[in-house]
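One structure is given here, and the rest of the page talks about it.
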Amino acid sequence: MTTPDIWQKSSYSGGADGNNCVEIAPLRTQVAIRDSKAPAYATLTVPLGAFTAFVGALKADISRAAA
């Protein structure tokens, strides 16, 4: 796998602890995930569908907790 050029930091990474988060990089059929504190270390790649389902489940859980 080649290293992605464009990484996106989590929207929850603001404030003084802004470096304590993960970054993602969308690829054609996968999503690469890395630790923003150690970007030179290994990345985790997951299939795009699995990542989309994971994020959807997190959002649904947050919505239930807020209700």
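Letters for chains follow the order of the structure tokens (A, B, ...), residue numbers begin at 1 for each chain, and ligand numbers begin at 1 in the order shown.
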
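Of the residues in chain A, those that DSSP places in strand (DSSP E or B) on the basis of the backbone are Gln8, Lys9, Val22, Glu23, Ile24, Ala25, Pro26, Gln30, Val31, Ala32, Ile33, Arg34, Asp35, Leu44, Thr45, Val46 and Pro47 of chain A.
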
Include N, CA and C atoms and write out the residues we just selected as a PDB file, in the first residue's frame.
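So out.pdb came out as:
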```
ATOM      1  N   GLN A   8      -6.975  13.595   7.137  1.00  0.00           N
ATOM      2  CA  GLN A   8      -7.958  14.461   7.778  1.00  0.00           C
ATOM      3  C   GLN A   8      -7.963  14.164   9.266  1.00  0.00           C
ATOM      4  N   LYS A   9      -7.860  15.225  10.062  1.00  0.00           N
ATOM      5  CA  LYS A   9      -7.860  15.068  11.512  1.00  0.00           C
ATOM      6  C   LYS A   9      -9.295  15.055  12.017  1.00  0.00           C
ATOM      7  N   VAL A  22      -6.964  10.640  16.085  1.00  0.00           N
ATOM      8  CA  VAL A  22      -6.607   9.855  14.922  1.00  0.00           C
ATOM      9  C   VAL A  22      -6.830  10.685  13.668  1.00  0.00           C
ATOM     10  N   GLU A  23      -6.173  10.283  12.618  1.00  0.00           N
ATOM     11  CA  GLU A  23      -6.354  10.904  11.308  1.00  0.00           C
ATOM     12  C   GLU A  23      -6.772   9.805  10.345  1.00  0.00           C
ATOM     13  N   ILE A  24      -7.575  10.188   9.355  1.00  0.00           N
ATOM     14  CA  ILE A  24      -7.987   9.222   8.331  1.00  0.00           C
ATOM     15  C   ILE A  24      -7.615   9.753   6.957  1.00  0.00           C
ATOM     16  N   ALA A  25      -7.428   8.838   6.053  1.00  0.00           N
ATOM     17  CA  ALA A  25      -7.155   9.180   4.653  1.00  0.00           C
ATOM     18  C   ALA A  25      -7.972   8.236   3.785  1.00  0.00           C
ATOM     19  N   PRO A  26      -8.930   8.790   3.043  1.00  0.00           N
ATOM     20  CA  PRO A  26      -9.723   7.925   2.167  1.00  0.00           C
ATOM     21  C   PRO A  26      -8.902   7.463   0.967  1.00  0.00           C
ATOM     22  N   GLN A  30     -10.536   1.622   0.465  1.00  0.00           N
ATOM     23  CA  GLN A  30     -10.201   1.463   1.879  1.00  0.00           C
ATOM     24  C   GLN A  30     -10.087   2.828   2.535  1.00  0.00           C
ATOM     25  N   VAL A  31      -9.996   2.810   3.859  1.00  0.00           N
ATOM     26  CA  VAL A  31      -9.706   4.013   4.625  1.00  0.00           C
ATOM     27  C   VAL A  31      -8.474   3.699   5.466  1.00  0.00           C
ATOM     28  N   ALA A  32      -7.481   4.586   5.414  1.00  0.00           N
ATOM     29  CA  ALA A  32      -6.279   4.432   6.229  1.00  0.00           C
ATOM     30  C   ALA A  32      -6.469   5.244   7.504  1.00  0.00           C
ATOM     31  N   ILE A  33      -6.026   4.701   8.628  1.00  0.00           N
ATOM     32  CA  ILE A  33      -6.167   5.349   9.926  1.00  0.00           C
ATOM     33  C   ILE A  33      -4.798   5.351  10.583  1.00  0.00           C
ATOM     34  N   ARG A  34      -4.439   6.505  11.190  1.00  0.00           N
ATOM     35  CA  ARG A  34      -3.153   6.580  11.902  1.00  0.00           C
ATOM     36  C   ARG A  34      -3.296   7.444  13.152  1.00  0.00           C
ATOM     37  N   ASP A  35      -2.349   7.305  14.042  1.00  0.00           N
ATOM     38  CA  ASP A  35      -2.283   8.090  15.269  1.00  0.00           C
ATOM     39  C   ASP A  35      -1.623   9.428  14.938  1.00  0.00           C
ATOM     40  N   LEU A  44      -3.399   1.658   9.931  1.00  0.00           N
ATOM     41  CA  LEU A  44      -4.383   0.595   9.862  1.00  0.00           C
ATOM     42  C   LEU A  44      -5.274   0.884   8.667  1.00  0.00           C
ATOM     43  N   THR A  45      -5.505  -0.084   7.822  1.00  0.00           N
ATOM     44  CA  THR A  45      -6.417   0.113   6.700  1.00  0.00           C
ATOM     45  C   THR A  45      -7.589  -0.842   6.846  1.00  0.00           C
ATOM     46  N   VAL A  46      -8.774  -0.319   6.575  1.00  0.00           N
ATOM     47  CA  VAL A  46      -9.993  -1.118   6.647  1.00  0.00           C
ATOM     48  C   VAL A  46     -10.796  -0.887   5.373  1.00  0.00           C
ATOM     49  N   PRO A  47     -11.619  -1.851   4.987  1.00  0.00           N
ATOM     50  CA  PRO A  47     -12.461  -1.651   3.812  1.00  0.00           C
ATOM     51  C   PRO A  47     -13.396  -0.456   4.018  1.00  0.00           C
TER      52      PRO A  47
END
```

> When distances are computed from only C-alpha atoms, which of A:Pro4, A:Gly56, A:Ala65, A:Gly49 shows the smallest separation from Leu27 (chain A)?
Replying inline: A:Pro4

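CA of Thr29 (chain A) sits 21.8 Å away from CA of Lys59 (chain A).
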
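Going from CA of Ile6 (chain A) to CA of Phe54 (chain A) covers 21.1 Å.
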
>> I need the residues in chain A that are alpha helix (DSSP H) according to DSSP; give them as a PyMOL selection string.
In response: chain A and resi 48-66

Using only N, CA and C atoms, please write the residues we just selected to a file, as a PDB file, in the first residue's frame.
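Result file follows (again-v8.pdb):
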```
ATOM      1  N   LEU A  48     -13.661   0.271   2.963  1.00  0.00           N
ATOM      2  CA  LEU A  48     -14.496   1.466   3.028  1.00  0.00           C
ATOM      3  C   LEU A  48     -15.870   1.171   3.623  1.00  0.00           C
ATOM      4  N   GLY A  49     -16.491   0.081   3.217  1.00  0.00           N
ATOM      5  CA  GLY A  49     -17.811  -0.268   3.741  1.00  0.00           C
ATOM      6  C   GLY A  49     -17.801  -0.516   5.239  1.00  0.00           C
ATOM      7  N   ALA A  50     -16.773  -1.173   5.733  1.00  0.00           N
ATOM      8  CA  ALA A  50     -16.661  -1.453   7.164  1.00  0.00           C
ATOM      9  C   ALA A  50     -16.454  -0.158   7.947  1.00  0.00           C
ATOM     10  N   PHE A  51     -15.658   0.744   7.417  1.00  0.00           N
ATOM     11  CA  PHE A  51     -15.420   2.013   8.096  1.00  0.00           C
ATOM     12  C   PHE A  51     -16.694   2.847   8.136  1.00  0.00           C
ATOM     13  N   THR A  52     -17.431   2.878   7.022  1.00  0.00           N
ATOM     14  CA  THR A  52     -18.687   3.627   6.959  1.00  0.00           C
ATOM     15  C   THR A  52     -19.693   3.076   7.968  1.00  0.00           C
ATOM     16  N   ALA A  53     -19.784   1.756   8.067  1.00  0.00           N
ATOM     17  CA  ALA A  53     -20.688   1.139   9.037  1.00  0.00           C
ATOM     18  C   ALA A  53     -20.264   1.453  10.466  1.00  0.00           C
ATOM     19  N   PHE A  54     -18.968   1.443  10.732  1.00  0.00           N
ATOM     20  CA  PHE A  54     -18.439   1.753  12.059  1.00  0.00           C
ATOM     21  C   PHE A  54     -18.789   3.181  12.460  1.00  0.00           C
ATOM     22  N   VAL A  55     -18.542   4.145  11.589  1.00  0.00           N
ATOM     23  CA  VAL A  55     -18.848   5.546  11.888  1.00  0.00           C
ATOM     24  C   VAL A  55     -20.354   5.733  12.061  1.00  0.00           C
ATOM     25  N   GLY A  56     -21.152   5.075  11.223  1.00  0.00           N
ATOM     26  CA  GLY A  56     -22.599   5.158  11.353  1.00  0.00           C
ATOM     27  C   GLY A  56     -23.086   4.638  12.697  1.00  0.00           C
ATOM     28  N   ALA A  57     -22.509   3.539  13.154  1.00  0.00           N
ATOM     29  CA  ALA A  57     -22.883   2.981  14.456  1.00  0.00           C
ATOM     30  C   ALA A  57     -22.495   3.930  15.588  1.00  0.00           C
ATOM     31  N   LEU A  58     -21.334   4.560  15.489  1.00  0.00           N
ATOM     32  CA  LEU A  58     -20.931   5.525  16.509  1.00  0.00           C
ATOM     33  C   LEU A  58     -21.889   6.707  16.556  1.00  0.00           C
ATOM     34  N   LYS A  59     -22.259   7.226  15.390  1.00  0.00           N
ATOM     35  CA  LYS A  59     -23.178   8.365  15.337  1.00  0.00           C
ATOM     36  C   LYS A  59     -24.546   7.992  15.901  1.00  0.00           C
ATOM     37  N   ALA A  60     -25.025   6.801  15.610  1.00  0.00           N
ATOM     38  CA  ALA A  60     -26.317   6.357  16.139  1.00  0.00           C
ATOM     39  C   ALA A  60     -26.273   6.226  17.655  1.00  0.00           C
ATOM     40  N   ASP A  61     -25.166   5.716  18.176  1.00  0.00           N
ATOM     41  CA  ASP A  61     -25.010   5.553  19.618  1.00  0.00           C
ATOM     42  C   ASP A  61     -24.964   6.914  20.310  1.00  0.00           C
ATOM     43  N   ILE A  62     -24.272   7.878  19.702  1.00  0.00           N
ATOM     44  CA  ILE A  62     -24.198   9.230  20.272  1.00  0.00           C
ATOM     45  C   ILE A  62     -25.582   9.872  20.270  1.00  0.00           C
ATOM     46  N   SER A  63     -26.330   9.671  19.199  1.00  0.00           N
ATOM     47  CA  SER A  63     -27.685  10.236  19.111  1.00  0.00           C
ATOM     48  C   SER A  63     -28.588   9.647  20.188  1.00  0.00           C
ATOM     49  N   ARG A  64     -28.481   8.358  20.435  1.00  0.00           N
ATOM     50  CA  ARG A  64     -29.292   7.726  21.476  1.00  0.00           C
ATOM     51  C   ARG A  64     -28.915   8.246  22.849  1.00  0.00           C
ATOM     52  N   ALA A  65     -27.632   8.447  23.080  1.00  0.00           N
ATOM     53  CA  ALA A  65     -27.173   8.921  24.391  1.00  0.00           C
ATOM     54  C   ALA A  65     -27.624  10.354  24.662  1.00  0.00           C
ATOM     55  N   ALA A  66     -27.734  11.159  23.594  1.00  0.00           N
ATOM     56  CA  ALA A  66     -28.129  12.556  23.742  1.00  0.00           C
ATOM     57  C   ALA A  66     -29.629  12.705  23.949  1.00  0.00           C
TER      58      ALA A  66
END
```
